[in-house]
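Colleague: If it helps, the file is called input_6.cif and holds mmCIF, C-alpha atoms:
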```
data_query
loop_
_atom_site.group_PDB
_atom_site.id
_atom_site.type_symbol
_atom_site.label_atom_id
_atom_site.label_comp_id
_atom_site.auth_asym_id
_atom_site.auth_seq_id
_atom_site.Cartn_x
_atom_site.Cartn_y
_atom_site.Cartn_z
ATOM 1 C CA MET A 1 2.837 -28.956 39.584
ATOM 2 C CA THR A 2 3.385 -27.712 43.099
ATOM 3 C CA ASP A 3 5.205 -24.423 43.580
ATOM 4 C CA ASN A 4 7.215 -24.356 46.819
ATOM 5 C CA GLN A 5 9.206 -21.397 48.095
ATOM 6 C CA GLY A 6 12.906 -22.027 47.468
ATOM 7 C CA PRO A 7 15.761 -21.697 49.971
ATOM 8 C CA ALA A 8 16.483 -18.232 51.308
ATOM 9 C CA HIS A 9 20.288 -18.391 51.067
ATOM 10 C CA LYS A 10 20.278 -16.758 47.640
ATOM 11 C CA LYS A 11 17.710 -14.040 48.328
ATOM 12 C CA ASP A 12 20.444 -11.411 48.131
ATOM 13 C CA MET A 13 21.147 -12.622 44.621
ATOM 14 C CA THR A 14 17.565 -12.334 43.404
ATOM 15 C CA ARG A 15 17.526 -10.911 39.907
ATOM 16 C CA ARG A 16 14.316 -10.846 37.967
ATOM 17 C CA ARG A 17 16.230 -11.728 34.882
ATOM 18 C CA VAL A 18 17.177 -14.401 32.427
ATOM 19 C CA ILE A 19 20.654 -14.874 31.006
ATOM 20 C CA LEU A 20 20.781 -15.455 27.318
ATOM 21 C CA ALA A 21 23.674 -16.838 25.330
ATOM 22 C CA GLY A 22 24.698 -15.440 21.995
ATOM 23 C CA GLY A 23 24.720 -17.014 18.590
ATOM 24 C CA ALA A 24 27.452 -19.503 19.510
ATOM 25 C CA VAL A 25 24.984 -21.631 21.432
ATOM 26 C CA PHE A 26 23.001 -22.713 18.413
ATOM 27 C CA ALA A 27 24.371 -22.607 14.884
ATOM 28 C CA ALA A 28 21.363 -22.364 12.604
ATOM 29 C CA ALA A 29 21.602 -25.165 10.080
ATOM 30 C CA GLY A 30 22.061 -24.068 6.527
ATOM 31 C CA VAL A 31 22.634 -20.370 7.233
ATOM 32 C CA GLY A 32 24.002 -18.793 4.110
ATOM 33 C CA ALA A 33 22.802 -17.283 0.879
ATOM 34 C CA GLY A 34 19.065 -16.968 0.786
ATOM 35 C CA VAL A 35 18.617 -17.651 4.485
ATOM 36 C CA VAL A 36 16.922 -15.120 6.744
ATOM 37 C CA ALA A 37 18.520 -14.981 10.185
ATOM 38 C CA THR A 38 16.899 -12.447 12.472
ATOM 39 C CA ALA A 39 19.240 -10.437 14.669
ATOM 40 C CA SER A 40 18.675 -9.661 18.328
ATOM 41 C CA ALA A 41 19.182 -6.047 19.304
ATOM 42 C CA ASP A 42 20.569 -4.328 22.414
ATOM 43 C CA GLU A 43 22.551 -7.282 23.704
ATOM 44 C CA GLU A 44 24.555 -6.443 26.814
ATOM 45 C CA THR A 45 27.404 -8.786 27.614
ATOM 46 C CA SER A 46 28.668 -9.416 31.134
ATOM 47 C CA ALA A 47 32.238 -8.548 32.026
ATOM 48 C CA ALA A 48 33.320 -12.082 31.212
ATOM 49 C CA ALA A 49 31.886 -15.392 30.174
ATOM 50 C CA LYS A 50 31.040 -17.586 33.158
ATOM 51 C CA GLY A 51 31.605 -21.195 34.006
ATOM 52 C CA GLY A 52 34.399 -21.713 31.493
ATOM 53 C CA GLN A 53 31.763 -22.388 28.842
ATOM 54 C CA GLY A 54 32.936 -19.690 26.447
ATOM 55 C CA GLU A 55 29.388 -18.311 26.426
ATOM 56 C CA ALA A 56 28.686 -14.604 26.603
ATOM 57 C CA CYS A 57 25.913 -13.934 29.106
ATOM 58 C CA TYR A 58 23.286 -11.255 28.740
ATOM 59 C CA ARG A 59 21.170 -9.566 31.361
ATOM 60 C CA LEU A 60 17.422 -9.957 31.063
ATOM 61 C CA THR A 61 14.543 -8.786 33.240
ATOM 62 C CA SER A 62 12.037 -11.062 31.599
ATOM 63 C CA GLU A 63 10.019 -12.705 34.325
ATOM 64 C CA THR A 64 6.530 -12.207 32.901
ATOM 65 C CA THR A 65 2.949 -12.995 33.662
ATOM 66 C CA GLU A 66 1.741 -16.555 33.353
ATOM 67 C CA GLY A 67 -1.323 -15.346 31.462
ATOM 68 C CA PRO A 68 -4.841 -16.778 31.719
ATOM 69 C CA TYR A 69 -4.340 -19.891 29.569
ATOM 70 C CA TYR A 70 -1.773 -21.972 31.446
ATOM 71 C CA ILE A 71 -2.564 -25.647 32.039
ATOM 72 C CA ASP A 72 -0.373 -27.620 34.435
ATOM 73 C CA ALA A 73 2.105 -29.817 32.596
ATOM 74 C CA ASP A 74 0.782 -33.282 31.831
ATOM 75 C CA ARG A 75 2.066 -33.952 28.300
ATOM 76 C CA ILE A 76 5.734 -34.953 28.280
ATOM 77 C CA ARG A 77 6.562 -34.800 24.584
ATOM 78 C CA LYS A 78 8.755 -33.212 21.950
ATOM 79 C CA ASP A 79 6.201 -32.882 19.146
ATOM 80 C CA ILE A 80 3.271 -30.751 20.336
ATOM 81 C CA THR A 81 1.792 -30.084 16.893
ATOM 82 C CA GLU A 82 -0.933 -32.749 16.869
ATOM 83 C CA ASP A 83 -3.018 -31.940 13.762
ATOM 84 C CA LYS A 84 -2.604 -28.158 13.728
ATOM 85 C CA GLU A 85 -1.733 -26.508 10.436
ATOM 86 C CA GLY A 86 0.944 -23.882 10.179
ATOM 87 C CA ILE A 87 4.567 -23.133 9.344
ATOM 88 C CA PRO A 88 6.748 -25.817 10.988
ATOM 89 C CA LEU A 89 8.757 -24.406 13.887
ATOM 90 C CA THR A 90 11.680 -26.149 15.585
ATOM 91 C CA LEU A 91 12.223 -24.495 18.970
ATOM 92 C CA ARG A 92 15.650 -25.148 20.496
ATOM 93 C CA LEU A 93 16.081 -24.066 24.107
ATOM 94 C CA LYS A 94 18.903 -24.265 26.606
ATOM 95 C CA VAL A 95 18.569 -23.703 30.357
ATOM 96 C CA ILE A 96 21.532 -22.603 32.471
ATOM 97 C CA ASP A 97 22.060 -21.505 36.077
ATOM 98 C CA SER A 98 22.142 -17.705 36.086
ATOM 99 C CA ASP A 99 24.868 -17.652 38.751
ATOM 100 C CA THR A 100 27.280 -20.180 37.256
ATOM 101 C CA CYS A 101 26.162 -20.354 33.607
ATOM 102 C CA LYS A 102 26.346 -24.139 33.938
ATOM 103 C CA PRO A 103 23.597 -26.227 32.319
ATOM 104 C CA LEU A 104 20.562 -27.168 34.407
ATOM 105 C CA LYS A 105 19.995 -30.901 34.020
ATOM 106 C CA ARG A 106 16.545 -32.486 34.242
ATOM 107 C CA ALA A 107 14.732 -29.181 34.573
ATOM 108 C CA ALA A 108 11.172 -29.365 33.230
ATOM 109 C CA VAL A 109 10.481 -26.838 30.490
ATOM 110 C CA ASP A 110 6.860 -26.067 29.574
ATOM 111 C CA ILE A 111 5.839 -24.242 26.432
ATOM 112 C CA TRP A 112 2.351 -23.319 25.238
ATOM 113 C CA HIS A 113 1.011 -20.991 22.580
ATOM 114 C CA CYS A 114 -1.928 -20.292 20.303
ATOM 115 C CA ASP A 115 -2.406 -21.810 16.849
ATOM 116 C CA ALA A 116 -2.057 -20.056 13.499
ATOM 117 C CA LEU A 117 -5.409 -18.297 13.972
ATOM 118 C CA GLY A 118 -4.880 -17.233 17.571
ATOM 119 C CA ILE A 119 -6.757 -20.034 19.345
ATOM 120 C CA TYR A 120 -5.498 -21.754 22.512
ATOM 121 C CA SER A 121 -6.175 -25.404 23.183
ATOM 122 C CA GLY A 122 -8.215 -25.880 26.321
ATOM 123 C CA TYR A 123 -9.868 -22.522 25.711
ATOM 124 C CA GLU A 124 -11.322 -22.773 22.217
ATOM 125 C CA SER A 125 -14.718 -21.343 23.163
ATOM 126 C CA MET A 126 -13.050 -18.356 24.822
ATOM 127 C CA SER A 127 -10.827 -17.789 21.801
ATOM 128 C CA GLN A 128 -13.514 -17.809 19.096
ATOM 129 C CA GLY A 129 -14.391 -14.262 18.122
ATOM 130 C CA GLY A 130 -12.616 -12.757 21.121
ATOM 131 C CA PRO A 131 -9.053 -12.130 22.235
ATOM 132 C CA GLY A 132 -8.056 -15.485 20.808
ATOM 133 C CA GLY A 133 -8.932 -14.749 17.194
ATOM 134 C CA GLY A 134 -11.735 -15.370 14.765
ATOM 135 C CA THR A 135 -13.889 -12.823 12.993
ATOM 136 C CA PRO A 136 -15.348 -10.013 15.088
ATOM 137 C CA PRO A 137 -19.123 -9.501 14.856
ATOM 138 C CA SER A 138 -20.435 -6.946 12.404
ATOM 139 C CA GLY A 139 -23.543 -4.818 12.350
ATOM 140 C CA ALA A 140 -25.323 -2.998 15.147
ATOM 141 C CA PRO A 141 -27.040 -4.879 17.965
ATOM 142 C CA THR A 142 -30.823 -5.048 17.658
ATOM 143 C CA ASP A 143 -31.713 -5.483 21.311
ATOM 144 C CA MET A 144 -30.285 -2.356 22.876
ATOM 145 C CA PRO A 145 -32.127 -1.184 26.041
ATOM 146 C CA THR A 146 -34.030 2.055 25.779
ATOM 147 C CA ASP A 147 -33.764 3.052 29.435
ATOM 148 C CA ALA A 148 -30.611 4.311 31.079
ATOM 149 C CA PRO A 149 -29.208 1.973 33.739
ATOM 150 C CA THR A 150 -29.611 2.954 37.359
ATOM 151 C CA GLY A 151 -27.858 2.008 40.573
ATOM 152 C CA THR A 152 -24.228 1.323 41.401
ATOM 153 C CA PRO A 153 -22.354 -1.550 39.740
ATOM 154 C CA THR A 154 -21.273 -4.329 42.091
ATOM 155 C CA GLY A 155 -18.812 -7.155 41.916
ATOM 156 C CA THR A 156 -15.260 -7.409 40.639
ATOM 157 C CA PRO A 157 -14.448 -6.749 36.990
ATOM 158 C CA PRO A 158 -12.950 -9.689 35.112
ATOM 159 C CA SER A 159 -9.184 -9.972 34.927
ATOM 160 C CA GLY A 160 -6.664 -11.756 32.764
ATOM 161 C CA GLY A 161 -7.285 -10.112 29.412
ATOM 162 C CA PRO A 162 -5.236 -10.853 26.309
ATOM 163 C CA GLY A 163 -1.874 -10.439 27.980
ATOM 164 C CA GLY A 164 -2.443 -10.171 31.703
ATOM 165 C CA GLY A 165 -2.715 -12.453 34.674
ATOM 166 C CA GLY A 166 -5.785 -14.002 36.183
ATOM 167 C CA HIS A 167 -6.043 -17.712 35.459
ATOM 168 C CA SER A 168 -9.066 -19.033 33.564
ATOM 169 C CA GLU A 169 -10.254 -22.603 33.954
ATOM 170 C CA PRO A 170 -10.068 -24.714 30.751
ATOM 171 C CA THR A 171 -13.277 -25.042 28.743
ATOM 172 C CA ASP A 172 -12.349 -28.150 26.730
ATOM 173 C CA ASP A 173 -10.022 -31.171 26.728
ATOM 174 C CA GLU A 174 -7.829 -30.174 23.775
ATOM 175 C CA ARG A 175 -4.096 -29.901 24.511
ATOM 176 C CA TYR A 176 -2.447 -29.161 21.150
ATOM 177 C CA LEU A 177 0.537 -26.809 21.109
ATOM 178 C CA ARG A 178 1.326 -27.594 24.746
ATOM 179 C CA GLY A 179 4.079 -29.775 26.086
ATOM 180 C CA THR A 180 6.849 -30.374 28.585
ATOM 181 C CA GLN A 181 10.326 -31.849 28.310
ATOM 182 C CA LEU A 182 13.218 -32.464 30.669
ATOM 183 C CA THR A 183 16.534 -30.855 29.806
ATOM 184 C CA ASP A 184 19.383 -33.221 28.983
ATOM 185 C CA GLN A 185 22.795 -33.214 30.659
ATOM 186 C CA HIS A 186 23.763 -30.156 28.617
ATOM 187 C CA GLY A 187 20.594 -28.239 29.502
ATOM 188 C CA TYR A 188 18.928 -28.614 26.089
ATOM 189 C CA VAL A 189 15.374 -29.319 25.003
ATOM 190 C CA GLU A 190 13.869 -29.164 21.522
ATOM 191 C CA PHE A 191 10.198 -28.857 20.586
ATOM 192 C CA THR A 192 8.486 -29.457 17.259
ATOM 193 C CA THR A 193 5.533 -27.118 16.819
ATOM 194 C CA VAL A 194 4.111 -24.495 14.442
ATOM 195 C CA PHE A 195 4.773 -20.788 14.138
ATOM 196 C CA PRO A 196 2.190 -19.079 16.389
ATOM 197 C CA GLY A 197 -0.437 -16.734 15.028
ATOM 198 C CA TRP A 198 -1.719 -13.588 16.695
ATOM 199 C CA TYR A 199 -4.765 -12.437 18.601
ATOM 200 C CA GLN A 200 -6.174 -9.124 19.727
ATOM 201 C CA GLY A 201 -3.916 -7.148 22.040
ATOM 202 C CA ARG A 202 -0.749 -9.274 21.896
ATOM 203 C CA ALA A 203 2.241 -9.625 19.614
ATOM 204 C CA VAL A 204 3.155 -13.122 18.447
ATOM 205 C CA HIS A 205 4.640 -15.031 21.406
ATOM 206 C CA ILE A 206 5.202 -18.363 23.125
ATOM 207 C CA HIS A 207 4.790 -18.880 26.877
ATOM 208 C CA THR A 208 7.317 -20.842 28.910
ATOM 209 C CA LYS A 209 7.950 -22.061 32.441
ATOM 210 C CA VAL A 210 10.971 -23.770 33.954
ATOM 211 C CA HIS A 211 10.465 -26.100 36.934
ATOM 212 C CA VAL A 212 13.148 -27.640 39.138
ATOM 213 C CA GLY A 213 13.250 -29.991 42.101
ATOM 214 C CA GLY A 214 10.384 -32.234 40.955
ATOM 215 C CA LYS A 215 10.252 -35.690 39.439
ATOM 216 C CA MET A 216 8.648 -37.623 36.641
ATOM 217 C CA THR A 217 5.549 -39.677 37.475
ATOM 218 C CA ASP A 218 2.889 -41.470 35.467
ATOM 219 C CA ALA A 219 0.858 -38.245 35.611
ATOM 220 C CA GLY A 220 3.706 -36.077 34.344
ATOM 221 C CA TYR A 221 6.228 -33.856 36.137
ATOM 222 C CA GLU A 222 5.226 -33.242 39.741
ATOM 223 C CA GLY A 223 6.582 -31.420 42.774
ATOM 224 C CA GLY A 224 9.430 -28.930 42.968
ATOM 225 C CA HIS A 225 8.876 -25.286 42.157
ATOM 226 C CA THR A 226 8.726 -22.909 39.193
ATOM 227 C CA CYS A 227 11.935 -20.886 38.958
ATOM 228 C CA HIS A 228 11.080 -18.983 35.783
ATOM 229 C CA THR A 229 7.994 -17.843 33.923
ATOM 230 C CA GLY A 230 8.562 -15.993 30.674
ATOM 231 C CA GLN A 231 7.614 -15.488 27.053
ATOM 232 C CA PHE A 232 9.454 -15.761 23.749
ATOM 233 C CA PHE A 233 8.926 -13.215 20.977
ATOM 234 C CA PHE A 234 9.411 -13.050 17.212
ATOM 235 C CA ALA A 235 11.038 -10.398 15.037
ATOM 236 C CA GLU A 236 8.476 -8.259 13.252
ATOM 237 C CA SER A 237 10.006 -9.069 9.866
ATOM 238 C CA ALA A 238 9.445 -12.788 10.455
ATOM 239 C CA VAL A 239 5.845 -12.235 11.545
ATOM 240 C CA LEU A 240 5.192 -10.243 8.369
ATOM 241 C CA ASP A 241 6.679 -13.093 6.329
ATOM 242 C CA SER A 242 4.446 -15.599 8.114
ATOM 243 C CA ALA A 243 1.391 -13.463 7.322
ATOM 244 C CA LYS A 244 1.951 -14.173 3.621
ATOM 245 C CA GLU A 245 1.390 -17.893 4.168
ATOM 246 C CA GLU A 246 -1.777 -19.856 4.884
ATOM 247 C CA PRO A 247 -3.514 -20.227 7.249
ATOM 248 C CA TYR A 248 -2.050 -17.022 8.728
ATOM 249 C CA ALA A 249 -3.019 -15.003 5.656
ATOM 250 C CA SER A 250 -6.698 -15.767 6.256
ATOM 251 C CA SER A 251 -6.714 -14.248 9.750
ATOM 252 C CA THR A 252 -8.987 -11.202 10.078
ATOM 253 C CA THR A 253 -7.743 -10.287 13.561
ATOM 254 C CA THR A 254 -6.032 -6.933 13.984
ATOM 255 C CA ARG A 255 -2.369 -7.589 14.690
ATOM 256 C CA THR A 256 -0.414 -6.023 17.561
ATOM 257 C CA THR A 257 3.208 -5.299 16.643
ATOM 258 C CA LEU A 258 6.197 -6.113 18.804
ATOM 259 C CA THR A 259 6.700 -2.460 19.755
ATOM 260 C CA GLU A 260 3.034 -2.156 20.731
ATOM 261 C CA ASP A 261 2.997 -5.226 22.940
ATOM 262 C CA THR A 262 2.542 -4.510 26.664
ATOM 263 C CA ILE A 263 4.514 -7.564 27.852
ATOM 264 C CA TYR A 264 7.609 -7.438 25.650
ATOM 265 C CA ASP A 265 10.183 -5.073 27.203
ATOM 266 C CA ARG A 266 11.739 -4.022 23.868
ATOM 267 C CA SER A 267 15.240 -5.095 24.898
ATOM 268 C CA GLY A 268 15.895 -7.529 22.074
ATOM 269 C CA VAL A 269 17.378 -10.886 23.035
ATOM 270 C CA THR A 270 17.440 -9.803 26.670
ATOM 271 C CA GLY A 271 13.656 -9.603 26.562
ATOM 272 C CA GLY A 272 13.059 -13.046 25.082
ATOM 273 C CA LEU A 273 13.445 -12.274 21.377
ATOM 274 C CA LEU A 274 14.178 -15.556 19.613
ATOM 275 C CA LYS A 275 16.947 -16.022 17.084
ATOM 276 C CA LEU A 276 15.171 -17.223 13.955
ATOM 277 C CA SER A 277 16.422 -18.818 10.763
ATOM 278 C CA TYR A 278 14.480 -19.755 7.636
ATOM 279 C CA ARG A 279 14.947 -19.889 3.895
ATOM 280 C CA ARG A 280 14.076 -16.609 2.192
ATOM 281 C CA GLY A 281 10.862 -16.902 0.200
ATOM 282 C CA ARG A 282 10.340 -20.442 1.501
ATOM 283 C CA MET A 283 9.300 -19.806 5.079
ATOM 284 C CA ALA A 284 6.466 -22.296 4.682
ATOM 285 C CA ARG A 285 9.078 -25.063 4.668
ATOM 286 C CA GLY A 286 10.036 -24.324 8.261
ATOM 287 C CA VAL A 287 11.661 -22.002 10.801
ATOM 288 C CA THR A 288 14.229 -22.668 13.505
ATOM 289 C CA GLY A 289 14.104 -20.575 16.690
ATOM 290 C CA SER A 290 16.630 -20.709 19.521
ATOM 291 C CA ILE A 291 17.471 -19.037 22.810
ATOM 292 C CA THR A 292 19.282 -19.818 26.069
ATOM 293 C CA MET A 293 17.485 -19.158 29.336
ATOM 294 C CA GLY A 294 19.418 -18.599 32.525
ATOM 295 C CA VAL A 295 17.418 -19.007 35.716
ATOM 296 C CA ASP A 296 18.069 -19.004 39.439
ATOM 297 C CA PRO A 297 16.979 -22.490 40.509
ATOM 298 C CA ASP A 298 16.599 -21.384 44.147
ATOM 299 C CA GLU A 299 14.068 -18.675 43.353
ATOM 300 C CA THR A 300 10.333 -19.024 42.759
ATOM 301 C CA HIS A 301 8.747 -17.109 39.880
ATOM 302 C CA ASP A 302 5.393 -18.628 38.985
ATOM 303 C CA GLY A 303 4.154 -15.613 37.030
ATOM 304 C CA THR A 304 0.877 -15.270 38.916
ATOM 305 C CA ASP A 305 1.868 -12.112 40.786
ATOM 306 C CA LEU A 306 2.762 -9.991 37.746
#
```
Can you dump the structure from the file as structure tokens?
Modeller:
Amino acid sequence: MTDNQGPAHKKDMTRRRVILAGGAVFAAAGVGAGVVATASADEETSAAAKGGQGEACYRLTSETTEGPYYIDADRIRKDITEDKEGIPLTLRLKVIDSDTCKPLKRAAVDIWHCDALGIYSGYESMSQGGPGGGTPPSGAPTDMPTDAPTGTPTGTPPSGGPGGGGHSEPTDDERYLRGTQLTDQHGYVEFTTVFPGWYQGRAVHIHTKVHVGGKMTDAGYEGGHTCHTGQFFFAESAVLDSAKEEPYASSTTTRTTLTEDTIYDRSGVTGGLLKLSYRRGRMARGVTGSITMGVDPDETHDGTDL
């Protein structure tokens, strides 16, 4: 996709934020006895609902880094699972204009995330045994130098660690757990995927981008600009429940909690915390996650400068 600078007439309204609607937006199916519904904390409502929608809007400063594993959208699809194992996750998203709270129609929404063992498609060789998961090496190295190094180091240290910026070029052609959809006339998209796992240095999360002003082509969504780059997060209780199920239970990677994560701003729903619903003791049967993103379609936030 091509990121173009948006019009300047709304620069005075720039807010590095996302507006999130409350529980009225999505009613989790089957909520009742025996259903776990995670709550979002520290929600701050605006003075009044906007746009006559009856939706309460919440402030959010959640423009985040793109991260090193983004691949430009080329898979327009709802089901991004392919053959990956894991707890089924239905991700229901709504996109609204942050100024009017009206739905954004035909906005392209990207999501991408790691699999149940912390591995990203397109970067499998970088994920194995490193920040992406796998089993760390054991034992002491046998080829340690005996002489102390001399001289002054040169060059630039690598960037784009587990949670930071610095794009890395893909190392393979896999594209599981990645996809793009256009919002409908009410601003909705829904993805079928699996509950993400974890990898060294990051809490469980899903990346997202929202693009506007482009068009569909045979190669995917092209043109326009990226008006939002963010991440979705999962309640710690739900992550602990997922860790009881396979293949998550077999992960040997040290887990970073939500409060330890360096990207999540600890503001609950205003920081991208998903509303989750699943049957108690039967999480393996599936989880529903939902959130409403409000973006300024005239701004450009591609996540590469954070």
Colleague: One decimal, Å: what's the distance from atom CA of A:Ser242 over to atom CA of A:Arg255, could you say?
Modeller: 12.4 Å
Colleague: Show me, as a PyMOL selection string, the residues that have an atom within 9 Å of A:Gly281 when counting only C-alpha atoms, minus same-chain residues fewer than 2 positions from it.
Modeller: chain A and resi 34-35+241+278-279+283-284
Colleague: One decimal, Å: what's the distance from atom CA of A:His301 over to atom CA of A:Phe233, could you say?
Modeller: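 Distance between the two atoms: 19.3 Å.
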Colleague: Draw an axis-aligned box tight on the listed atoms of stretch 208-224 of chain A, then pad every side by 8 Å and write out centre and edge lengths in Å to one decimal as lines of an AutoDock Vina configuration file.
Modeller:
```
center_x = 7.1
center_y = -31.2
center_z = 35.9
size_x = 28.4
size_y = 36.6
size_z = 30.1
```
Colleague: What separation in Å, quoted to one decimal, exists between atom CA of A:Lys78 and atom CA of A:Thr193?
Modeller: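 These two atoms are separated by 8.6 Å.
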Colleague: Choose the residue, out of A:Ala108, A:Val194, A:Ile263, A:Leu117, that has the smallest atom-to-atom separation from A:Thr208; count only C-alpha atoms.
Modeller: A:Ala108
Colleague: Please identify all polymer residues within 8 Å of A:Tyr248, counting all atoms listed in the file, omitting same-chain residues fewer than 3 positions from it, and present them as a ChimeraX atom specification.
Modeller: /A:86,116-117,197,242-245,251
